[in-house]
file my_file07.csv (CSV, N, CA and C atoms)
chain,number,residue,atom,x,y,z
O,29,MET,N,56.7,174.0,96.7
O,29,MET,CA,56.3,173.5,98.0
O,29,MET,C,56.0,174.7,98.9
O,30,VAL,N,55.1,174.6,99.8
O,30,VAL,CA,54.8,175.6,100.8
O,30,VAL,C,54.9,175.0,102.2
O,31,VAL,N,55.7,175.7,103.1
O,31,VAL,CA,55.8,175.2,104.4
O,31,VAL,C,55.1,176.2,105.3
O,32,VAL,N,54.1,175.7,106.0
O,32,VAL,CA,53.3,176.6,107.0
O,32,VAL,C,53.9,176.3,108.4
O,33,MET,N,54.3,177.3,109.0
O,33,MET,CA,54.9,177.2,110.3
O,33,MET,C,53.7,177.3,111.3
O,34,LYS,N,54.0,176.7,112.5
O,34,LYS,CA,52.9,176.7,113.6
O,34,LYS,C,52.7,178.1,114.0
O,35,GLU,N,51.5,178.4,114.5
O,35,GLU,CA,51.2,179.7,115.0
O,35,GLU,C,52.2,180.0,116.1
O,36,ARG,N,52.7,181.2,116.0
O,36,ARG,CA,53.7,181.7,117.0
O,36,ARG,C,55.0,180.9,117.0
O,37,ALA,N,55.4,180.3,115.9
O,37,ALA,CA,56.7,179.6,115.9
O,37,ALA,C,57.8,180.6,116.2
O,38,SER,N,58.8,180.2,116.9
O,38,SER,CA,59.9,181.1,117.2
O,38,SER,C,60.7,181.5,116.0
O,39,GLU,N,61.4,182.6,116.1
O,39,GLU,CA,62.2,183.0,115.0
O,39,GLU,C,63.4,182.0,114.7
O,40,ALA,N,63.9,181.4,115.8
O,40,ALA,CA,64.9,180.4,115.7
O,40,ALA,C,64.4,179.2,114.9
O,41,GLN,N,63.1,178.8,115.2
O,41,GLN,CA,62.6,177.6,114.4
O,41,GLN,C,62.4,178.0,113.0
O,42,VAL,N,61.9,179.2,112.7
O,42,VAL,CA,61.8,179.6,111.3
O,42,VAL,C,63.1,179.6,110.6
O,43,GLU,N,64.1,180.2,111.2
O,43,GLU,CA,65.4,180.3,110.6
O,43,GLU,C,66.1,178.9,110.4
O,44,SER,N,65.8,178.0,111.3
O,44,SER,CA,66.3,176.7,111.2
O,44,SER,C,65.8,176.0,109.9
O,45,VAL,N,64.5,176.1,109.7
O,45,VAL,CA,63.8,175.5,108.5
O,45,VAL,C,64.4,176.1,107.3
O,46,ILE,N,64.5,177.5,107.3
O,46,ILE,CA,65.0,178.2,106.1
O,46,ILE,C,66.4,177.7,105.8
O,47,ALA,N,67.3,177.6,106.8
O,47,ALA,CA,68.7,177.2,106.6
O,47,ALA,C,68.8,175.8,106.1
O,48,HIS,N,67.9,174.9,106.6
O,48,HIS,CA,67.9,173.5,106.1
O,48,HIS,C,67.5,173.5,104.6
O,49,LEU,N,66.5,174.2,104.2
O,49,LEU,CA,66.1,174.3,102.8
O,49,LEU,C,67.1,174.9,101.9
O,50,VAL,N,67.7,176.0,102.3
O,50,VAL,CA,68.8,176.6,101.5
O,50,VAL,C,70.0,175.7,101.4
O,51,GLN,N,70.3,174.9,102.4
O,51,GLN,CA,71.4,174.0,102.3
O,51,GLN,C,71.1,172.9,101.3
O,52,LEU,N,69.9,172.6,101.0
O,52,LEU,CA,69.5,171.6,100.0
O,52,LEU,C,69.4,172.2,98.6
O,53,GLY,N,69.8,173.5,98.5
O,53,GLY,CA,69.8,174.2,97.2
O,53,GLY,C,68.5,174.8,96.8
O,54,MET,N,67.6,175.1,97.7
O,54,MET,CA,66.3,175.6,97.4
O,54,MET,C,66.3,177.1,97.7
O,55,ASP,N,65.4,177.8,96.9
O,55,ASP,CA,65.2,179.3,97.2
O,55,ASP,C,64.0,179.3,98.1
O,56,VAL,N,64.0,180.2,99.1
O,56,VAL,CA,62.9,180.2,100.1
O,56,VAL,C,62.4,181.7,100.1
O,57,HIS,N,61.1,181.8,100.0
O,57,HIS,CA,60.5,183.1,100.0
O,57,HIS,C,59.6,183.2,101.3
O,58,ARG,N,59.9,184.1,102.2
O,58,ARG,CA,59.2,184.1,103.5
O,58,ARG,C,58.1,185.1,103.4
O,59,SER,N,56.9,184.7,103.9
O,59,SER,CA,55.8,185.6,104.1
O,59,SER,C,55.4,185.6,105.6
O,60,SER,N,55.4,186.7,106.3
O,60,SER,CA,55.1,186.7,107.7
O,60,SER,C,53.8,187.4,107.9
O,61,GLY,N,52.9,186.7,108.6
O,61,GLY,CA,51.6,187.3,109.0
O,61,GLY,C,51.6,187.6,110.5
O,62,ALA,N,50.4,187.9,111.0
O,62,ALA,CA,50.3,188.3,112.4
O,62,ALA,C,50.6,187.2,113.3
O,63,ALA,N,50.3,185.9,112.9
O,63,ALA,CA,50.5,184.8,113.8
O,63,ALA,C,51.3,183.7,113.2
O,64,ARG,N,51.4,183.6,111.9
O,64,ARG,CA,52.1,182.5,111.2
O,64,ARG,C,53.0,183.0,110.2
O,65,VAL,N,54.0,182.2,109.9
O,65,VAL,CA,55.0,182.4,108.8
O,65,VAL,C,54.8,181.3,107.8
O,66,VAL,N,54.7,181.7,106.5
O,66,VAL,CA,54.6,180.8,105.4
O,66,VAL,C,55.8,180.9,104.6
O,67,LEU,N,56.4,179.7,104.2
O,67,LEU,CA,57.6,179.7,103.4
O,67,LEU,C,57.3,179.1,102.0
O,68,GLY,N,57.5,179.9,101.0
O,68,GLY,CA,57.4,179.4,99.6
O,68,GLY,C,58.7,178.8,99.2
O,69,VAL,N,58.8,177.6,98.8
O,69,VAL,CA,60.1,176.9,98.5
O,69,VAL,C,60.1,176.5,97.0
O,70,VAL,N,61.1,177.0,96.3
O,70,VAL,CA,61.2,176.6,94.9
O,70,VAL,C,62.7,176.2,94.6
O,71,GLY,N,62.9,175.4,93.6
O,71,GLY,CA,64.2,174.9,93.2
O,71,GLY,C,64.2,173.6,92.6
O,72,ALA,N,65.3,173.2,92.0
O,72,ALA,CA,65.4,171.9,91.3
O,72,ALA,C,65.8,170.8,92.2
O,73,GLY,N,66.2,171.1,93.5
O,73,GLY,CA,66.7,170.1,94.4
O,73,GLY,C,65.6,169.2,94.9
O,74,LYS,N,66.0,168.1,95.5
O,74,LYS,CA,65.0,167.2,96.1
O,74,LYS,C,64.9,167.5,97.6
O,75,VAL,N,63.7,167.6,98.1
O,75,VAL,CA,63.4,167.8,99.5
O,75,VAL,C,62.5,166.7,100.0
O,76,ASP,N,62.9,166.1,101.1
O,76,ASP,CA,62.1,165.1,101.8
O,76,ASP,C,61.0,165.9,102.6
O,77,ARG,N,59.8,165.9,102.0
O,77,ARG,CA,58.7,166.6,102.6
O,77,ARG,C,58.4,166.1,104.0
O,78,ASP,N,58.5,164.8,104.2
O,78,ASP,CA,58.2,164.3,105.6
O,78,ASP,C,59.2,164.7,106.6
O,79,LEU,N,60.5,164.8,106.2
O,79,LEU,CA,61.5,165.3,107.1
O,79,LEU,C,61.3,166.7,107.5
O,80,VAL,N,60.9,167.6,106.5
O,80,VAL,CA,60.7,169.0,106.8
O,80,VAL,C,59.5,169.1,107.8
O,81,ALA,N,58.5,168.3,107.5
O,81,ALA,CA,57.2,168.3,108.4
O,81,ALA,C,57.5,168.0,109.8
O,82,LEU,N,58.6,167.2,110.1
O,82,LEU,CA,59.0,166.8,111.5
O,82,LEU,C,59.8,167.9,112.2
O,83,MET,N,60.3,168.9,111.4
O,83,MET,CA,61.1,169.9,112.1
O,83,MET,C,60.3,170.8,113.1
O,84,ASP,N,61.0,171.2,114.1
O,84,ASP,CA,60.4,172.1,115.1
O,84,ASP,C,59.7,173.3,114.5
O,85,GLY,N,58.5,173.5,114.9
O,85,GLY,CA,57.8,174.7,114.5
O,85,GLY,C,57.0,174.6,113.2
O,86,VAL,N,57.1,173.5,112.5
O,86,VAL,CA,56.4,173.3,111.2
O,86,VAL,C,55.0,172.7,111.5
O,87,HIS,N,54.0,173.4,110.9
O,87,HIS,CA,52.6,172.9,111.1
O,87,HIS,C,52.3,171.9,110.0
O,88,GLU,N,52.6,172.3,108.7
O,88,GLU,CA,52.3,171.4,107.6
O,88,GLU,C,53.2,171.8,106.4
O,89,VAL,N,53.3,170.8,105.5
O,89,VAL,CA,54.1,171.0,104.3
O,89,VAL,C,53.2,170.6,103.1
O,90,LEU,N,53.0,171.5,102.2
O,90,LEU,CA,52.1,171.2,101.1
O,90,LEU,C,52.9,171.2,99.8
O,91,ARG,N,52.8,170.2,99.0
O,91,ARG,CA,53.4,170.1,97.7
O,91,ARG,C,52.5,170.8,96.7
O,92,ILE,N,53.1,171.7,95.9
O,92,ILE,CA,52.3,172.4,94.9
O,92,ILE,C,52.4,171.7,93.5
O,93,THR,N,53.6,171.2,93.1
O,93,THR,CA,53.7,170.5,91.9
O,93,THR,C,54.6,169.3,92.1
O,94,GLU,N,54.5,168.3,91.3
O,94,GLU,CA,55.3,167.1,91.3
O,94,GLU,C,56.5,167.3,90.4

call {"tool": "encode", "arguments": {"input": "my_file07.csv", "output": "structure tokens"}}
result
Amino acid sequence: MVVVMKERASEAQVESVIAHLVQLGMDVHRSSGAARVVLGVVGAGKVDRDLVALMDGVHEVLRITE
């Protein structure tokens, strides 16, 4: 799964999303660009994509594999 943060999302928003995903047992790989942060999320746990999409600072959540 890929989580694309909103342009200029705050560090607190990014860290909150990362903490939530780690709590669910996922590994999170952060890529920071000039204006956006993209989180690559892998793991065997279940993540409610819609719930993550509603978190502050999240622009969109893309599922890579089922």

call {"tool": "atom_distance", "arguments": {"input": "my_file07.csv", "atom1": "atom C of Ala63 of chain O", "atom2": "atom N of Asp76 of chain O"}}
result
24.3 Å

call {"tool": "residues_around", "arguments": {"input": "my_file07.csv", "residues": "Gly61 of chain O", "least_positions_apart": "3", "cutoff": "12 Å", "atoms": "only C-alpha atoms", "output": "NGL selection string"}}
result
:O and (32-37 or 58 or 64-67)

call {"tool": "closest_residue", "arguments": {"input": "my_file07.csv", "among": "O:Leu82, O:Ile92, O:Ala72, O:Ala40", "to": "Asp55 of chain O", "atoms": "all atoms listed in the file"}}
result
O:Ala72

call {"tool": "select_by_dssp", "arguments": {"input": "my_file07.csv", "residues": "chain O", "states": "alpha helix (DSSP H)", "output": "ChimeraX atom specification"}}
result
/O:39-51,77-81

call {"tool": "atom_distance", "arguments": {"input": "my_file07.csv", "atom1": "atom C of Thr93 of chain O", "atom2": "atom CA of Val70 of chain O"}}
result
10.2 Å

call {"tool": "select_by_dssp", "arguments": {"input": "my_file07.csv", "residues": "chain O", "states": "strand (DSSP E or B)", "output": "mmCIF file with N, CA and C atoms, in the frame of the given file"}}
result
data_model
loop_
_atom_site.group_PDB
_atom_site.id
_atom_site.type_symbol
_atom_site.label_atom_id
_atom_site.label_comp_id
_atom_site.auth_asym_id
_atom_site.auth_seq_id
_atom_site.Cartn_x
_atom_site.Cartn_y
_atom_site.Cartn_z
ATOM 1 N N VAL O 30 55.100 174.600 99.800
ATOM 2 C CA VAL O 30 54.800 175.600 100.800
ATOM 3 C C VAL O 30 54.900 175.000 102.200
ATOM 4 N N VAL O 31 55.700 175.700 103.100
ATOM 5 C CA VAL O 31 55.800 175.200 104.400
ATOM 6 C C VAL O 31 55.100 176.200 105.300
ATOM 7 N N VAL O 32 54.100 175.700 106.000
ATOM 8 C CA VAL O 32 53.300 176.600 107.000
ATOM 9 C C VAL O 32 53.900 176.300 108.400
ATOM 10 N N MET O 33 54.300 177.300 109.000
ATOM 11 C CA MET O 33 54.900 177.200 110.300
ATOM 12 C C MET O 33 53.700 177.300 111.300
ATOM 13 N N ASP O 55 65.400 177.800 96.900
ATOM 14 C CA ASP O 55 65.200 179.300 97.200
ATOM 15 C C ASP O 55 64.000 179.300 98.100
ATOM 16 N N VAL O 56 64.000 180.200 99.100
ATOM 17 C CA VAL O 56 62.900 180.200 100.100
ATOM 18 C C VAL O 56 62.400 181.700 100.100
ATOM 19 N N HIS O 57 61.100 181.800 100.000
ATOM 20 C CA HIS O 57 60.500 183.100 100.000
ATOM 21 C C HIS O 57 59.600 183.200 101.300
ATOM 22 N N ARG O 58 59.900 184.100 102.200
ATOM 23 C CA ARG O 58 59.200 184.100 103.500
ATOM 24 C C ARG O 58 58.100 185.100 103.400
ATOM 25 N N SER O 59 56.900 184.700 103.900
ATOM 26 C CA SER O 59 55.800 185.600 104.100
ATOM 27 C C SER O 59 55.400 185.600 105.600
ATOM 28 N N SER O 60 55.400 186.700 106.300
ATOM 29 C CA SER O 60 55.100 186.700 107.700
ATOM 30 C C SER O 60 53.800 187.400 107.900
ATOM 31 N N VAL O 65 54.000 182.200 109.900
ATOM 32 C CA VAL O 65 55.000 182.400 108.800
ATOM 33 C C VAL O 65 54.800 181.300 107.800
ATOM 34 N N VAL O 66 54.700 181.700 106.500
ATOM 35 C CA VAL O 66 54.600 180.800 105.400
ATOM 36 C C VAL O 66 55.800 180.900 104.600
ATOM 37 N N LEU O 67 56.400 179.700 104.200
ATOM 38 C CA LEU O 67 57.600 179.700 103.400
ATOM 39 C C LEU O 67 57.300 179.100 102.000
ATOM 40 N N GLY O 68 57.500 179.900 101.000
ATOM 41 C CA GLY O 68 57.400 179.400 99.600
ATOM 42 C C GLY O 68 58.700 178.800 99.200
ATOM 43 N N VAL O 69 58.800 177.600 98.800
ATOM 44 C CA VAL O 69 60.100 176.900 98.500
ATOM 45 C C VAL O 69 60.100 176.500 97.000
ATOM 46 N N VAL O 70 61.100 177.000 96.300
ATOM 47 C CA VAL O 70 61.200 176.600 94.900
ATOM 48 C C VAL O 70 62.700 176.200 94.600
ATOM 49 N N VAL O 86 57.100 173.500 112.500
ATOM 50 C CA VAL O 86 56.400 173.300 111.200
ATOM 51 C C VAL O 86 55.000 172.700 111.500
ATOM 52 N N HIS O 87 54.000 173.400 110.900
ATOM 53 C CA HIS O 87 52.600 172.900 111.100
ATOM 54 C C HIS O 87 52.300 171.900 110.000
ATOM 55 N N GLU O 88 52.600 172.300 108.700
ATOM 56 C CA GLU O 88 52.300 171.400 107.600
ATOM 57 C C GLU O 88 53.200 171.800 106.400
ATOM 58 N N VAL O 89 53.300 170.800 105.500
ATOM 59 C CA VAL O 89 54.100 171.000 104.300
ATOM 60 C C VAL O 89 53.200 170.600 103.100
ATOM 61 N N LEU O 90 53.000 171.500 102.200
ATOM 62 C CA LEU O 90 52.100 171.200 101.100
ATOM 63 C C LEU O 90 52.900 171.200 99.800
#

call {"tool": "atom_distance", "arguments": {"input": "my_file07.csv", "atom1": "atom C of Val89 of chain O", "atom2": "atom N of Val31 of chain O"}}
result
5.7 Å

call {"tool": "closest_residue", "arguments": {"input": "my_file07.csv", "among": "O:Ala62, O:Val69, O:Val30, O:Val45", "to": "Met83 of chain O", "atoms": "all atoms listed in the file"}}
result
O:Val45

call {"tool": "closest_residue", "arguments": {"input": "my_file07.csv", "among": "O:Leu52, O:Ser59, O:Gly85, O:Val42", "to": "Gly71 of chain O", "atoms": "all atoms listed in the file"}}
result
O:Leu52

call {"tool": "closest_residue", "arguments": {"input": "my_file07.csv", "among": "O:Lys74, O:Met29, O:Ser44, O:Leu90", "to": "His57 of chain O", "atoms": "only C-alpha atoms"}}
result
O:Met29

call {"tool": "build_atoms", "arguments": {"input": "my_file07.csv", "residues": "segment 46-63 of chain O", "atoms": "N, CA, C and O atoms", "output": "PDB file, in the coordinates of the input"}}
result
ATOM      1  N   ILE O  46      64.500 177.500 107.300  1.00  0.00           N
ATOM      2  CA  ILE O  46      65.000 178.200 106.100  1.00  0.00           C
ATOM      3  C   ILE O  46      66.400 177.700 105.800  1.00  0.00           C
ATOM      4  O   ILE O  46      66.787 177.392 104.658  1.00  0.00           O
ATOM      5  N   ALA O  47      67.300 177.600 106.800  1.00  0.00           N
ATOM      6  CA  ALA O  47      68.700 177.200 106.600  1.00  0.00           C
ATOM      7  C   ALA O  47      68.800 175.800 106.100  1.00  0.00           C
ATOM      8  O   ALA O  47      69.578 175.526 105.172  1.00  0.00           O
ATOM      9  N   HIS O  48      67.900 174.900 106.600  1.00  0.00           N
ATOM     10  CA  HIS O  48      67.900 173.500 106.100  1.00  0.00           C
ATOM     11  C   HIS O  48      67.500 173.500 104.600  1.00  0.00           C
ATOM     12  O   HIS O  48      68.192 172.814 103.773  1.00  0.00           O
ATOM     13  N   LEU O  49      66.500 174.200 104.200  1.00  0.00           N
ATOM     14  CA  LEU O  49      66.100 174.300 102.800  1.00  0.00           C
ATOM     15  C   LEU O  49      67.100 174.900 101.900  1.00  0.00           C
ATOM     16  O   LEU O  49      67.359 174.406 100.771  1.00  0.00           O
ATOM     17  N   VAL O  50      67.700 176.000 102.300  1.00  0.00           N
ATOM     18  CA  VAL O  50      68.800 176.600 101.500  1.00  0.00           C
ATOM     19  C   VAL O  50      70.000 175.700 101.400  1.00  0.00           C
ATOM     20  O   VAL O  50      70.557 175.605 100.274  1.00  0.00           O
ATOM     21  N   GLN O  51      70.300 174.900 102.400  1.00  0.00           N
ATOM     22  CA  GLN O  51      71.400 174.000 102.300  1.00  0.00           C
ATOM     23  C   GLN O  51      71.100 172.900 101.300  1.00  0.00           C
ATOM     24  O   GLN O  51      72.044 172.382 100.640  1.00  0.00           O
ATOM     25  N   LEU O  52      69.900 172.600 101.000  1.00  0.00           N
ATOM     26  CA  LEU O  52      69.500 171.600 100.000  1.00  0.00           C
ATOM     27  C   LEU O  52      69.400 172.200  98.600  1.00  0.00           C
ATOM     28  O   LEU O  52      69.000 171.592  97.666  1.00  0.00           O
ATOM     29  N   GLY O  53      69.800 173.500  98.500  1.00  0.00           N
ATOM     30  CA  GLY O  53      69.800 174.200  97.200  1.00  0.00           C
ATOM     31  C   GLY O  53      68.500 174.800  96.800  1.00  0.00           C
ATOM     32  O   GLY O  53      68.296 175.186  95.628  1.00  0.00           O
ATOM     33  N   MET O  54      67.600 175.100  97.700  1.00  0.00           N
ATOM     34  CA  MET O  54      66.300 175.600  97.400  1.00  0.00           C
ATOM     35  C   MET O  54      66.300 177.100  97.700  1.00  0.00           C
ATOM     36  O   MET O  54      67.064 177.640  98.500  1.00  0.00           O
ATOM     37  N   ASP O  55      65.400 177.800  96.900  1.00  0.00           N
ATOM     38  CA  ASP O  55      65.200 179.300  97.200  1.00  0.00           C
ATOM     39  C   ASP O  55      64.000 179.300  98.100  1.00  0.00           C
ATOM     40  O   ASP O  55      62.944 178.668  97.833  1.00  0.00           O
ATOM     41  N   VAL O  56      64.000 180.200  99.100  1.00  0.00           N
ATOM     42  CA  VAL O  56      62.900 180.200 100.100  1.00  0.00           C
ATOM     43  C   VAL O  56      62.400 181.700 100.100  1.00  0.00           C
ATOM     44  O   VAL O  56      63.207 182.617 100.288  1.00  0.00           O
ATOM     45  N   HIS O  57      61.100 181.800 100.000  1.00  0.00           N
ATOM     46  CA  HIS O  57      60.500 183.100 100.000  1.00  0.00           C
ATOM     47  C   HIS O  57      59.600 183.200 101.300  1.00  0.00           C
ATOM     48  O   HIS O  57      58.638 182.372 101.344  1.00  0.00           O
ATOM     49  N   ARG O  58      59.900 184.100 102.200  1.00  0.00           N
ATOM     50  CA  ARG O  58      59.200 184.100 103.500  1.00  0.00           C
ATOM     51  C   ARG O  58      58.100 185.100 103.400  1.00  0.00           C
ATOM     52  O   ARG O  58      58.228 186.260 102.930  1.00  0.00           O
ATOM     53  N   SER O  59      56.900 184.700 103.900  1.00  0.00           N
ATOM     54  CA  SER O  59      55.800 185.600 104.100  1.00  0.00           C
ATOM     55  C   SER O  59      55.400 185.600 105.600  1.00  0.00           C
ATOM     56  O   SER O  59      55.047 184.492 106.082  1.00  0.00           O
ATOM     57  N   SER O  60      55.400 186.700 106.300  1.00  0.00           N
ATOM     58  CA  SER O  60      55.100 186.700 107.700  1.00  0.00           C
ATOM     59  C   SER O  60      53.800 187.400 107.900  1.00  0.00           C
ATOM     60  O   SER O  60      53.540 188.534 107.434  1.00  0.00           O
ATOM     61  N   GLY O  61      52.900 186.700 108.600  1.00  0.00           N
ATOM     62  CA  GLY O  61      51.600 187.300 109.000  1.00  0.00           C
ATOM     63  C   GLY O  61      51.600 187.600 110.500  1.00  0.00           C
ATOM     64  O   GLY O  61      52.616 187.579 111.121  1.00  0.00           O
ATOM     65  N   ALA O  62      50.400 187.900 111.000  1.00  0.00           N
ATOM     66  CA  ALA O  62      50.300 188.300 112.400  1.00  0.00           C
ATOM     67  C   ALA O  62      50.600 187.200 113.300  1.00  0.00           C
ATOM     68  O   ALA O  62      51.246 187.348 114.361  1.00  0.00           O
ATOM     69  N   ALA O  63      50.300 185.900 112.900  1.00  0.00           N
ATOM     70  CA  ALA O  63      50.500 184.800 113.800  1.00  0.00           C
ATOM     71  C   ALA O  63      51.300 183.700 113.200  1.00  0.00           C
ATOM     72  O   ALA O  63      51.751 182.795 113.891  1.00  0.00           O
TER      73      ALA O  63
END
